[in-house]
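Next comes upload_19.cif, a file with mmCIF, C-alpha atoms, pLDDT in the B column; chains and numbers go by the auth columns.
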```
data_upload
loop_
_atom_site.group_PDB
_atom_site.id
_atom_site.type_symbol
_atom_site.label_atom_id
_atom_site.label_comp_id
_atom_site.label_asym_id
_atom_site.label_seq_id
_atom_site.Cartn_x
_atom_site.Cartn_y
_atom_site.Cartn_z
_atom_site.B_iso_or_equiv
_atom_site.auth_seq_id
_atom_site.auth_asym_id
ATOM 1 C CA MET A 1 2.514 -15.676 -51.846 50.00 1 A
ATOM 2 C CA ALA A 2 2.781 -17.461 -48.539 55.00 2 A
ATOM 3 C CA ILE A 3 6.486 -16.667 -48.363 58.00 3 A
ATOM 4 C CA THR A 4 5.844 -12.937 -48.813 61.00 4 A
ATOM 5 C CA GLU A 5 3.087 -12.874 -46.195 63.00 5 A
ATOM 6 C CA ASP A 6 5.324 -14.750 -43.737 62.00 6 A
ATOM 7 C CA ARG A 7 8.117 -12.257 -44.303 63.00 7 A
ATOM 8 C CA VAL A 8 5.772 -9.298 -43.812 57.00 8 A
ATOM 9 C CA GLU A 9 4.444 -10.838 -40.603 66.00 9 A
ATOM 10 C CA GLU A 10 7.979 -11.622 -39.427 66.00 10 A
ATOM 11 C CA THR A 11 9.101 -8.042 -40.177 65.00 11 A
ATOM 12 C CA ALA A 12 6.088 -6.638 -38.288 64.00 12 A
ATOM 13 C CA THR A 13 6.847 -8.870 -35.292 80.00 13 A
ATOM 14 C CA LEU A 14 10.499 -7.821 -35.316 76.00 14 A
ATOM 15 C CA ALA A 15 9.540 -4.139 -35.542 77.00 15 A
ATOM 16 C CA ASP A 16 7.100 -4.624 -32.643 81.00 16 A
ATOM 17 C CA LEU A 17 9.819 -6.274 -30.546 76.00 17 A
ATOM 18 C CA LEU A 18 12.284 -3.483 -31.317 78.00 18 A
ATOM 19 C CA GLN A 19 9.673 -0.913 -30.344 83.00 19 A
ATOM 20 C CA ARG A 20 9.032 -2.738 -27.058 82.00 20 A
ATOM 21 C CA VAL A 21 12.758 -2.923 -26.264 79.00 21 A
ATOM 22 C CA GLU A 22 13.167 0.803 -26.964 80.00 22 A
ATOM 23 C CA ALA A 23 10.189 1.598 -24.685 77.00 23 A
ATOM 24 C CA LEU A 24 11.681 -0.515 -21.885 76.00 24 A
ATOM 25 C CA GLU A 25 15.093 1.110 -22.277 74.00 25 A
ATOM 26 C CA THR A 26 13.496 4.576 -22.142 73.00 26 A
ATOM 27 C CA GLN A 27 11.521 3.629 -19.036 75.00 27 A
ATOM 28 C CA GLN A 28 14.596 2.158 -17.328 69.00 28 A
ATOM 29 C CA ALA A 29 16.636 5.298 -18.063 66.00 29 A
ATOM 30 C CA LYS A 30 14.024 7.385 -16.198 68.00 30 A
ATOM 31 C CA GLN A 31 14.219 5.255 -13.057 66.00 31 A
ATOM 32 C CA VAL A 32 16.128 6.643 -10.097 63.00 32 A
ATOM 33 C CA LYS A 33 19.079 4.540 -9.080 74.00 33 A
ATOM 34 C CA LYS A 34 18.930 3.787 -5.359 77.00 34 A
ATOM 35 C CA LYS A 35 22.129 4.376 -3.428 82.00 35 A
ATOM 36 C CA ASN A 36 23.426 2.464 -0.418 90.00 36 A
ATOM 37 C CA LYS A 37 21.903 5.241 1.627 94.00 37 A
ATOM 38 C CA MET A 38 19.491 5.910 4.497 94.00 38 A
ATOM 39 C CA THR A 39 17.672 9.232 4.687 95.00 39 A
ATOM 40 C CA ILE A 40 15.622 10.101 7.752 95.00 40 A
ATOM 41 C CA ILE A 41 13.108 12.913 8.001 95.00 41 A
ATOM 42 C CA ALA A 42 13.225 13.912 11.688 94.00 42 A
ATOM 43 C CA TRP A 43 10.098 15.904 12.438 91.00 43 A
ATOM 44 C CA GLY A 44 9.620 15.064 16.127 85.00 44 A
ATOM 45 C CA GLY A 45 11.631 16.769 18.854 81.00 45 A
ATOM 46 C CA GLN A 46 10.756 14.382 21.679 81.00 46 A
ATOM 47 C CA LEU A 47 13.479 12.298 23.250 80.00 47 A
ATOM 48 C CA ASP A 48 11.824 9.068 22.099 81.00 48 A
ATOM 49 C CA ARG A 49 11.972 10.286 18.477 88.00 49 A
ATOM 50 C CA ILE A 50 15.433 11.866 18.565 89.00 50 A
ATOM 51 C CA TRP A 51 16.990 8.761 20.123 88.00 51 A
ATOM 52 C CA PRO A 52 15.960 6.240 17.435 90.00 52 A
ATOM 53 C CA THR A 53 16.756 8.784 14.721 94.00 53 A
ATOM 54 C CA THR A 54 20.327 9.212 15.951 94.00 54 A
ATOM 55 C CA ILE A 55 20.799 5.489 16.651 94.00 55 A
ATOM 56 C CA LEU A 56 19.657 4.516 13.150 95.00 56 A
ATOM 57 C CA ALA A 57 21.693 7.236 11.419 96.00 57 A
ATOM 58 C CA THR A 58 24.925 6.385 13.251 96.00 58 A
ATOM 59 C CA THR A 59 24.387 2.646 12.802 96.00 59 A
ATOM 60 C CA ALA A 60 23.850 3.119 9.059 96.00 60 A
ATOM 61 C CA ALA A 61 27.023 5.217 8.769 96.00 61 A
ATOM 62 C CA ALA A 62 29.039 2.758 10.862 96.00 62 A
ATOM 63 C CA SER A 63 27.796 -0.026 8.562 95.00 63 A
ATOM 64 C CA GLY A 64 29.199 1.716 5.505 95.00 64 A
ATOM 65 C CA MET A 65 25.977 3.336 4.310 94.00 65 A
ATOM 66 C CA GLU A 66 25.655 6.955 3.362 95.00 66 A
ATOM 67 C CA ALA A 67 23.284 8.545 5.889 96.00 67 A
ATOM 68 C CA SER A 68 21.476 11.854 6.152 96.00 68 A
ATOM 69 C CA VAL A 69 18.939 13.317 8.569 97.00 69 A
ATOM 70 C CA PHE A 70 16.662 16.186 7.536 97.00 70 A
ATOM 71 C CA PHE A 71 15.523 18.028 10.682 95.00 71 A
ATOM 72 C CA THR A 72 12.186 19.780 10.224 94.00 72 A
ATOM 73 C CA PHE A 73 9.477 21.264 12.447 90.00 73 A
ATOM 74 C CA TRP A 74 9.892 20.142 16.085 87.00 74 A
ATOM 75 C CA GLY A 75 12.782 17.874 15.110 90.00 75 A
ATOM 76 C CA LEU A 76 14.814 20.983 14.336 89.00 76 A
ATOM 77 C CA PHE A 77 15.062 21.742 18.064 87.00 77 A
ATOM 78 C CA ALA A 78 17.259 18.632 18.486 89.00 78 A
ATOM 79 C CA ILE A 79 20.068 20.477 16.691 92.00 79 A
ATOM 80 C CA VAL A 80 19.667 23.829 18.433 89.00 80 A
ATOM 81 C CA LYS A 81 22.688 24.768 20.563 89.00 81 A
ATOM 82 C CA PRO A 82 22.105 23.917 24.240 84.00 82 A
ATOM 83 C CA GLY A 83 22.506 27.526 25.429 79.00 83 A
ATOM 84 C CA VAL A 84 20.049 28.987 22.908 78.00 84 A
ATOM 85 C CA ARG A 85 16.666 29.620 24.465 71.00 85 A
ATOM 86 C CA ILE A 86 14.558 32.435 23.039 80.00 86 A
ATOM 87 C CA THR A 87 14.740 32.906 19.289 80.00 87 A
ATOM 88 C CA GLY A 88 12.759 34.733 16.665 81.00 88 A
ATOM 89 C CA ASP A 89 11.886 38.260 15.692 85.00 89 A
ATOM 90 C CA ASN A 90 8.255 38.468 16.775 86.00 90 A
ATOM 91 C CA TRP A 91 6.220 37.432 19.814 86.00 91 A
ATOM 92 C CA MET A 92 4.828 34.281 18.122 83.00 92 A
ATOM 93 C CA GLN A 93 8.273 32.956 17.201 81.00 93 A
ATOM 94 C CA LYS A 94 9.550 33.790 20.678 79.00 94 A
ATOM 95 C CA MET A 95 6.594 31.921 22.253 81.00 95 A
ATOM 96 C CA MET A 96 7.300 28.863 20.073 78.00 96 A
ATOM 97 C CA SER A 97 10.923 28.818 21.199 75.00 97 A
ATOM 98 C CA VAL A 98 9.910 29.164 24.858 72.00 98 A
ATOM 99 C CA MET A 99 7.453 26.254 24.505 71.00 99 A
ATOM 100 C CA ASN A 100 10.184 23.972 23.127 72.00 100 A
ATOM 101 C CA PRO A 101 13.031 22.850 25.371 70.00 101 A
ATOM 102 C CA GLY A 102 15.694 23.335 22.683 71.00 102 A
ATOM 103 C CA SER A 103 18.608 20.922 22.133 67.00 103 A
ATOM 104 C CA ALA A 104 18.676 17.140 22.365 65.00 104 A
ATOM 105 C CA GLN A 105 19.932 17.383 25.950 67.00 105 A
ATOM 106 C CA LYS A 106 16.691 19.011 27.128 67.00 106 A
ATOM 107 C CA ALA A 107 14.196 16.974 25.074 66.00 107 A
ATOM 108 C CA LYS A 108 11.152 15.578 26.823 67.00 108 A
ATOM 109 C CA LEU A 109 9.387 12.267 26.267 59.00 109 A
ATOM 110 C CA SER A 110 6.151 12.002 24.314 66.00 110 A
ATOM 111 C CA HIS A 111 4.821 9.553 26.954 65.00 111 A
ATOM 112 C CA TYR A 112 5.609 8.677 30.562 67.00 112 A
ATOM 113 C CA GLN A 113 6.693 12.082 31.747 66.00 113 A
ATOM 114 C CA PHE A 114 6.289 11.118 35.429 67.00 114 A
ATOM 115 C CA MET A 115 5.952 14.800 36.340 66.00 115 A
ATOM 116 C CA GLY A 116 9.208 15.642 34.545 69.00 116 A
ATOM 117 C CA ALA A 117 11.222 12.677 35.816 74.00 117 A
ATOM 118 C CA GLY A 118 10.705 10.519 32.677 71.00 118 A
ATOM 119 C CA PRO A 119 13.643 11.862 30.632 72.00 119 A
ATOM 120 C CA ALA A 120 15.992 11.591 33.629 75.00 120 A
ATOM 121 C CA MET A 121 14.846 7.997 34.185 78.00 121 A
ATOM 122 C CA PHE A 122 15.494 7.142 30.531 75.00 122 A
ATOM 123 C CA LYS A 123 18.936 8.741 30.655 76.00 123 A
ATOM 124 C CA LYS A 124 19.739 6.829 33.861 81.00 124 A
ATOM 125 C CA LEU A 125 18.698 3.578 32.170 80.00 125 A
ATOM 126 C CA ALA A 126 20.904 4.511 29.206 78.00 126 A
ATOM 127 C CA ASP A 127 23.858 5.099 31.519 79.00 127 A
ATOM 128 C CA ASP A 128 23.258 1.767 33.255 86.00 128 A
ATOM 129 C CA GLN A 129 23.147 -0.046 29.899 85.00 129 A
ATOM 130 C CA ASN A 130 26.026 1.926 28.307 87.00 130 A
ATOM 131 C CA VAL A 131 23.749 3.415 25.653 86.00 131 A
ATOM 132 C CA ALA A 132 24.861 6.736 24.180 89.00 132 A
ATOM 133 C CA LYS A 133 22.468 9.649 24.637 85.00 133 A
ATOM 134 C CA PRO A 134 21.105 11.589 21.637 87.00 134 A
ATOM 135 C CA ASP A 135 23.430 14.566 22.084 89.00 135 A
ATOM 136 C CA GLU A 136 26.398 12.151 22.124 91.00 136 A
ATOM 137 C CA LEU A 137 24.995 10.352 19.079 92.00 137 A
ATOM 138 C CA ILE A 138 24.651 13.655 17.206 93.00 138 A
ATOM 139 C CA GLY A 139 28.365 14.263 17.820 94.00 139 A
ATOM 140 C CA LEU A 140 29.161 10.730 16.699 95.00 140 A
ATOM 141 C CA ALA A 141 26.988 11.178 13.613 95.00 141 A
ATOM 142 C CA LYS A 142 29.042 14.208 12.590 95.00 142 A
ATOM 143 C CA GLU A 143 32.270 12.212 13.112 95.00 143 A
ATOM 144 C CA LEU A 144 30.910 9.333 10.992 96.00 144 A
ATOM 145 C CA GLY A 145 29.964 11.678 8.157 96.00 145 A
ATOM 146 C CA VAL A 146 26.187 11.619 8.600 97.00 146 A
ATOM 147 C CA LYS A 147 24.737 14.642 6.830 97.00 147 A
ATOM 148 C CA LEU A 148 22.734 16.539 9.480 97.00 148 A
ATOM 149 C CA ILE A 149 20.551 18.900 7.482 97.00 149 A
ATOM 150 C CA PRO A 150 18.331 21.668 8.892 97.00 150 A
ATOM 151 C CA CYS A 151 15.097 22.654 7.138 96.00 151 A
ATOM 152 C CA GLN A 152 15.328 26.224 5.865 96.00 152 A
ATOM 153 C CA MET A 153 11.560 26.752 5.800 94.00 153 A
ATOM 154 C CA THR A 154 11.186 25.646 9.434 92.00 154 A
ATOM 155 C CA MET A 155 14.093 27.880 10.444 92.00 155 A
ATOM 156 C CA ASP A 156 12.337 30.822 8.803 93.00 156 A
ATOM 157 C CA LEU A 157 8.977 29.874 10.304 90.00 157 A
ATOM 158 C CA LEU A 158 10.347 29.574 13.845 89.00 158 A
ATOM 159 C CA GLY A 159 12.805 32.457 13.599 91.00 159 A
ATOM 160 C CA LEU A 160 15.900 30.285 14.002 91.00 160 A
ATOM 161 C CA LYS A 161 19.166 31.527 12.559 93.00 161 A
ATOM 162 C CA ARG A 162 22.179 29.465 11.468 94.00 162 A
ATOM 163 C CA GLU A 163 24.110 30.604 14.567 93.00 163 A
ATOM 164 C CA ASP A 164 21.331 29.164 16.796 92.00 164 A
ATOM 165 C CA LEU A 165 22.139 25.666 15.507 93.00 165 A
ATOM 166 C CA LEU A 166 24.978 23.294 16.341 93.00 166 A
ATOM 167 C CA ASP A 167 28.247 23.740 14.488 94.00 167 A
ATOM 168 C CA GLY A 168 29.212 21.277 11.768 94.00 168 A
ATOM 169 C CA LEU A 169 25.775 20.889 10.164 95.00 169 A
ATOM 170 C CA GLU A 170 25.081 20.864 6.446 95.00 170 A
ATOM 171 C CA GLU A 171 23.667 23.978 4.827 96.00 171 A
ATOM 172 C CA PRO A 172 19.892 24.285 5.319 96.00 172 A
ATOM 173 C CA ILE A 173 17.748 22.951 2.472 95.00 173 A
ATOM 174 C CA GLY A 174 14.090 22.965 1.481 94.00 174 A
ATOM 175 C CA ALA A 175 11.520 20.248 1.004 92.00 175 A
ATOM 176 C CA ALA A 176 12.308 19.653 -2.691 93.00 176 A
ATOM 177 C CA THR A 177 15.941 18.859 -1.914 93.00 177 A
ATOM 178 C CA ALA A 178 14.884 16.679 1.034 93.00 178 A
ATOM 179 C CA ILE A 179 12.587 14.709 -1.272 92.00 179 A
ATOM 180 C CA ARG A 180 15.484 14.195 -3.687 89.00 180 A
ATOM 181 C CA GLU A 181 17.564 12.894 -0.734 89.00 181 A
ATOM 182 C CA MET A 182 14.793 10.421 0.121 90.00 182 A
ATOM 183 C CA ARG A 183 14.211 9.398 -3.499 90.00 183 A
ATOM 184 C CA GLU A 184 17.855 8.376 -3.904 90.00 184 A
ATOM 185 C CA ALA A 185 17.934 6.447 -0.616 91.00 185 A
ATOM 186 C CA ALA A 186 17.489 2.699 -0.482 90.00 186 A
ATOM 187 C CA ILE A 187 16.010 3.270 3.012 91.00 187 A
ATOM 188 C CA PRO A 188 13.901 6.428 3.480 89.00 188 A
ATOM 189 C CA LEU A 189 12.414 6.862 6.990 90.00 189 A
ATOM 190 C CA PHE A 190 10.056 9.373 8.570 89.00 190 A
ATOM 191 C CA ILE A 191 10.502 9.615 12.358 88.00 191 A
#
```
Hey, can you dump this file as structure tokens for me?
Amino acid sequence: MAITEDRVEETATLADLLQRVEALETQQAKQVKKKNKMTIIAWGGQLDRIWPTTILATTAAASGMEASVFFTFWGLFAIVKPGVRITGDNWMQKMMSVMNPGSAQKAKLSHYQFMGAGPAMFKKLADDQNVAKPDELIGLAKELGVKLIPCQMTMDLLGLKREDLLDGLEEPIGAATAIREMREAAIPLFI
């Protein structure tokens, strides 16, 4: 009888192990595979947010990583064409566009404005140190294959049209697609 009981116990243990292996395999199949990729959510339109965003994105691309930047809310103004000023269909959208400088070239600092001289001082320091400015880095990002992606919902909210944005951008996407971009990325950032 001992032999039969041992075999039953051994069979139960083997069945338990097989069940555990199957559960682990099922769980592993559901996991998202991370890519050699950096995805940045750019929500701030200030110079001191646009600059690190563009530096990190271009550095990632130059290092062989896939890189994408999702521009939403105030960050969207970094990719507005320099000549575009007043946008929107109603007075609220038009007021929002007037309150924002538009384009990376006209971005202001979040701190140390020095009565408007802060951005010029930063750009002068960048020139002295041979550091590319954000508008130059956006151009470089496009050349390096960084996906520069506008937020469709923010465009609708602020009354921005595709022709108001820089040429060479990806098609606008929504939050669900942006989350998928971040989920696949080995390095997701929110700047």
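Using only C-alpha atoms for every distance, the candidate list A:Thr26, A:Thr59, A:Thr72, A:Gln93 yields A:Thr59 as the residue closest to A:Leu137.
Here atom CA of A:Arg49 and atom CA of A:Pro150 stand 16.2 Å from one another.
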Residues picked by the PyMOL selection byres ((chain A and resi 175) around 12) here, as a compact mmCIF listing (two decimals) with C-alpha atoms, keeping the file's coordinate frame?
```
# COMPACT_ATOMS: atom_id res chain seq x y z
CA ILE A 41 13.11 12.91 8.00
CA PHE A 70 16.66 16.19 7.54
CA PHE A 71 15.52 18.03 10.68
CA THR A 72 12.19 19.78 10.22
CA PHE A 73 9.48 21.26 12.45
CA ILE A 149 20.55 18.90 7.48
CA PRO A 150 18.33 21.67 8.89
CA CYS A 151 15.10 22.65 7.14
CA GLN A 152 15.33 26.22 5.86
CA MET A 153 11.56 26.75 5.80
CA THR A 154 11.19 25.65 9.43
CA PRO A 172 19.89 24.28 5.32
CA ILE A 173 17.75 22.95 2.47
CA GLY A 174 14.09 22.96 1.48
CA ALA A 176 12.31 19.65 -2.69
CA THR A 177 15.94 18.86 -1.91
CA ALA A 178 14.88 16.68 1.03
CA ILE A 179 12.59 14.71 -1.27
CA ARG A 180 15.48 14.20 -3.69
CA GLU A 181 17.56 12.89 -0.73
CA MET A 182 14.79 10.42 0.12
```
Distance query 9 Å from (13.7, 32.7, 16.4) using all atoms listed in the file, result as a short mmCIF file (atom, residue, chain, number, x, y, z; two decimals) with C-alpha atoms, keeping the file's coordinate frame:
```cif
data_model
loop_
_atom_site.label_atom_id
_atom_site.label_comp_id
_atom_site.auth_asym_id
_atom_site.auth_seq_id
_atom_site.Cartn_x
_atom_site.Cartn_y
_atom_site.Cartn_z
CA ILE A 86 14.56 32.44 23.04
CA THR A 87 14.74 32.91 19.29
CA GLY A 88 12.76 34.73 16.66
CA ASP A 89 11.89 38.26 15.69
CA ASN A 90 8.26 38.47 16.77
CA GLN A 93 8.27 32.96 17.20
CA LYS A 94 9.55 33.79 20.68
CA MET A 96 7.30 28.86 20.07
CA SER A 97 10.92 28.82 21.20
CA MET A 155 14.09 27.88 10.44
CA ASP A 156 12.34 30.82 8.80
CA LEU A 157 8.98 29.87 10.30
CA LEU A 158 10.35 29.57 13.84
CA GLY A 159 12.80 32.46 13.60
CA LEU A 160 15.90 30.28 14.00
CA LYS A 161 19.17 31.53 12.56
CA ASP A 164 21.33 29.16 16.80
#
```
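The gap separating atom CA of A:Lys133 from atom CA of A:Glu66 is 21.7 Å, in Å to one decimal.
Of the listed residues (A:Leu47, A:Leu144, A:Leu125, A:Leu18), A:Leu47 comes nearest to A:Pro101; the distances count all atoms listed in the file.
Between atom CA of A:Ala120 and atom CA of A:Leu76 lies a distance of 21.5 Å.
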Shortest interatomic distance to A:Ala126 - which of A:Phe190, A:Leu140, A:Trp51, A:Glu170, counting only C-alpha atoms
A:Trp51
Can you pull out every residue within 10 Å of stretch 33-40 of chain A, counting all atoms listed in the file, but drop anything in the same chain fewer than 5 positions away, and send it as a CSV table (one decimal) with C-alpha atoms, in the coordinates of the input?
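The resulting file, out.csv, is reproduced below:
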```csv
chain,number,residue,atom,x,y,z
A,28,GLN,CA,14.6,2.2,-17.3
A,53,THR,CA,16.8,8.8,14.7
A,54,THR,CA,20.3,9.2,16.0
A,56,LEU,CA,19.7,4.5,13.2
A,57,ALA,CA,21.7,7.2,11.4
A,60,ALA,CA,23.8,3.1,9.1
A,61,ALA,CA,27.0,5.2,8.8
A,64,GLY,CA,29.2,1.7,5.5
A,65,MET,CA,26.0,3.3,4.3
A,66,GLU,CA,25.7,7.0,3.4
A,67,ALA,CA,23.3,8.5,5.9
A,68,SER,CA,21.5,11.9,6.2
A,69,VAL,CA,18.9,13.3,8.6
A,70,PHE,CA,16.7,16.2,7.5
A,71,PHE,CA,15.5,18.0,10.7
A,146,VAL,CA,26.2,11.6,8.6
A,147,LYS,CA,24.7,14.6,6.8
A,148,LEU,CA,22.7,16.5,9.5
A,178,ALA,CA,14.9,16.7,1.0
A,179,ILE,CA,12.6,14.7,-1.3
A,180,ARG,CA,15.5,14.2,-3.7
A,181,GLU,CA,17.6,12.9,-0.7
A,182,MET,CA,14.8,10.4,0.1
A,183,ARG,CA,14.2,9.4,-3.5
A,184,GLU,CA,17.9,8.4,-3.9
A,185,ALA,CA,17.9,6.4,-0.6
A,186,ALA,CA,17.5,2.7,-0.5
A,187,ILE,CA,16.0,3.3,3.0
A,188,PRO,CA,13.9,6.4,3.5
A,189,LEU,CA,12.4,6.9,7.0
A,190,PHE,CA,10.1,9.4,8.6
A,191,ILE,CA,10.5,9.6,12.4
```
Rank A:Gly45, A:Gly139, A:Leu17, A:Leu166 by their smallest atom-to-atom distance to A:Val84, using all atoms listed in the file, and report the top residue only.
A:Leu166
Could I get stretch 148-175 of chain A rebuilt with N, CA and C atoms, written as a PDB file, in the frame of the given file?
```pdb
ATOM      1  N   LEU A 148      23.781  16.007   8.603  1.00 97.00           N
ATOM      2  CA  LEU A 148      22.734  16.539   9.480  1.00 97.00           C
ATOM      3  C   LEU A 148      22.258  17.848   8.858  1.00 97.00           C
ATOM      4  N   ILE A 149      21.026  17.822   8.351  1.00 97.00           N
ATOM      5  CA  ILE A 149      20.551  18.900   7.482  1.00 97.00           C
ATOM      6  C   ILE A 149      19.344  19.618   8.100  1.00 97.00           C
ATOM      7  N   PRO A 150      19.478  20.911   8.393  1.00 97.00           N
ATOM      8  CA  PRO A 150      18.331  21.668   8.892  1.00 97.00           C
ATOM      9  C   PRO A 150      17.386  22.072   7.754  1.00 97.00           C
ATOM     10  N   CYS A 151      16.114  22.211   8.088  1.00 96.00           N
ATOM     11  CA  CYS A 151      15.097  22.654   7.138  1.00 96.00           C
ATOM     12  C   CYS A 151      15.046  24.178   7.126  1.00 96.00           C
ATOM     13  N   GLN A 152      15.310  24.759   5.979  1.00 96.00           N
ATOM     14  CA  GLN A 152      15.328  26.224   5.865  1.00 96.00           C
ATOM     15  C   GLN A 152      13.954  26.826   6.132  1.00 96.00           C
ATOM     16  N   MET A 153      12.894  26.206   5.612  1.00 94.00           N
ATOM     17  CA  MET A 153      11.560  26.752   5.800  1.00 94.00           C
ATOM     18  C   MET A 153      11.170  26.772   7.279  1.00 94.00           C
ATOM     19  N   THR A 154      11.501  25.702   8.013  1.00 92.00           N
ATOM     20  CA  THR A 154      11.186  25.646   9.434  1.00 92.00           C
ATOM     21  C   THR A 154      12.015  26.673  10.196  1.00 92.00           C
ATOM     22  N   MET A 155      13.261  26.856   9.811  1.00 92.00           N
ATOM     23  CA  MET A 155      14.093  27.880  10.444  1.00 92.00           C
ATOM     24  C   MET A 155      13.441  29.251  10.275  1.00 92.00           C
ATOM     25  N   ASP A 156      12.989  29.545   9.062  1.00 93.00           N
ATOM     26  CA  ASP A 156      12.337  30.822   8.803  1.00 93.00           C
ATOM     27  C   ASP A 156      11.039  30.939   9.601  1.00 93.00           C
ATOM     28  N   LEU A 157      10.265  29.887   9.607  1.00 90.00           N
ATOM     29  CA  LEU A 157       8.977  29.874  10.304  1.00 90.00           C
ATOM     30  C   LEU A 157       9.142  30.122  11.803  1.00 90.00           C
ATOM     31  N   LEU A 158      10.139  29.482  12.403  1.00 89.00           N
ATOM     32  CA  LEU A 158      10.347  29.574  13.845  1.00 89.00           C
ATOM     33  C   LEU A 158      11.324  30.668  14.251  1.00 89.00           C
ATOM     34  N   GLY A 159      11.885  31.367  13.279  1.00 91.00           N
ATOM     35  CA  GLY A 159      12.805  32.457  13.599  1.00 91.00           C
ATOM     36  C   GLY A 159      14.163  31.982  14.080  1.00 91.00           C
ATOM     37  N   LEU A 160      14.583  30.800  13.634  1.00 91.00           N
ATOM     38  CA  LEU A 160      15.900  30.285  14.002  1.00 91.00           C
ATOM     39  C   LEU A 160      16.929  30.721  12.966  1.00 91.00           C
ATOM     40  N   LYS A 161      18.076  31.124  13.443  1.00 93.00           N
ATOM     41  CA  LYS A 161      19.166  31.527  12.559  1.00 93.00           C
ATOM     42  C   LYS A 161      20.241  30.442  12.577  1.00 93.00           C
ATOM     43  N   ARG A 162      21.109  30.470  11.593  1.00 94.00           N
ATOM     44  CA  ARG A 162      22.179  29.465  11.468  1.00 94.00           C
ATOM     45  C   ARG A 162      23.027  29.409  12.739  1.00 94.00           C
ATOM     46  N   GLU A 163      23.282  30.569  13.357  1.00 93.00           N
ATOM     47  CA  GLU A 163      24.110  30.604  14.567  1.00 93.00           C
ATOM     48  C   GLU A 163      23.391  30.027  15.792  1.00 93.00           C
ATOM     49  N   ASP A 164      22.080  29.798  15.705  1.00 92.00           N
ATOM     50  CA  ASP A 164      21.331  29.164  16.796  1.00 92.00           C
ATOM     51  C   ASP A 164      21.523  27.647  16.800  1.00 92.00           C
ATOM     52  N   LEU A 165      22.012  27.116  15.676  1.00 93.00           N
ATOM     53  CA  LEU A 165      22.139  25.666  15.507  1.00 93.00           C
ATOM     54  C   LEU A 165      23.558  25.197  15.828  1.00 93.00           C
ATOM     55  N   LEU A 166      23.672  23.905  16.073  1.00 93.00           N
ATOM     56  CA  LEU A 166      24.978  23.294  16.341  1.00 93.00           C
ATOM     57  C   LEU A 166      25.952  23.573  15.197  1.00 93.00           C
ATOM     58  N   ASP A 167      27.215  23.588  15.507  1.00 94.00           N
ATOM     59  CA  ASP A 167      28.247  23.740  14.488  1.00 94.00           C
ATOM     60  C   ASP A 167      28.417  22.411  13.750  1.00 94.00           C
ATOM     61  N   GLY A 168      28.899  22.482  12.522  1.00 94.00           N
ATOM     62  CA  GLY A 168      29.212  21.277  11.768  1.00 94.00           C
ATOM     63  C   GLY A 168      28.042  20.670  11.021  1.00 94.00           C
ATOM     64  N   LEU A 169      26.934  21.397  10.908  1.00 95.00           N
ATOM     65  CA  LEU A 169      25.775  20.889  10.164  1.00 95.00           C
ATOM     66  C   LEU A 169      25.925  21.230   8.682  1.00 95.00           C
ATOM     67  N   GLU A 170      25.144  20.538   7.871  1.00 95.00           N
ATOM     68  CA  GLU A 170      25.081  20.864   6.446  1.00 95.00           C
ATOM     69  C   GLU A 170      24.338  22.194   6.291  1.00 95.00           C
ATOM     70  N   GLU A 171      24.427  22.763   5.107  1.00 96.00           N
ATOM     71  CA  GLU A 171      23.667  23.978   4.827  1.00 96.00           C
ATOM     72  C   GLU A 171      22.172  23.633   4.830  1.00 96.00           C
ATOM     73  N   PRO A 172      21.335  24.535   5.320  1.00 96.00           N
ATOM     74  CA  PRO A 172      19.892  24.285   5.319  1.00 96.00           C
ATOM     75  C   PRO A 172      19.369  24.089   3.898  1.00 96.00           C
ATOM     76  N   ILE A 173      18.367  23.227   3.770  1.00 95.00           N
ATOM     77  CA  ILE A 173      17.748  22.951   2.472  1.00 95.00           C
ATOM     78  C   ILE A 173      16.228  23.023   2.624  1.00 95.00           C
ATOM     79  N   GLY A 174      15.541  22.963   1.495  1.00 94.00           N
ATOM     80  CA  GLY A 174      14.090  22.965   1.481  1.00 94.00           C
ATOM     81  C   GLY A 174      13.525  21.582   1.224  1.00 94.00           C
ATOM     82  N   ALA A 175      12.224  21.521   1.158  1.00 92.00           N
ATOM     83  CA  ALA A 175      11.520  20.248   1.004  1.00 92.00           C
ATOM     84  C   ALA A 175      11.864  19.543  -0.309  1.00 92.00           C
TER      85      ALA A 175
END
```
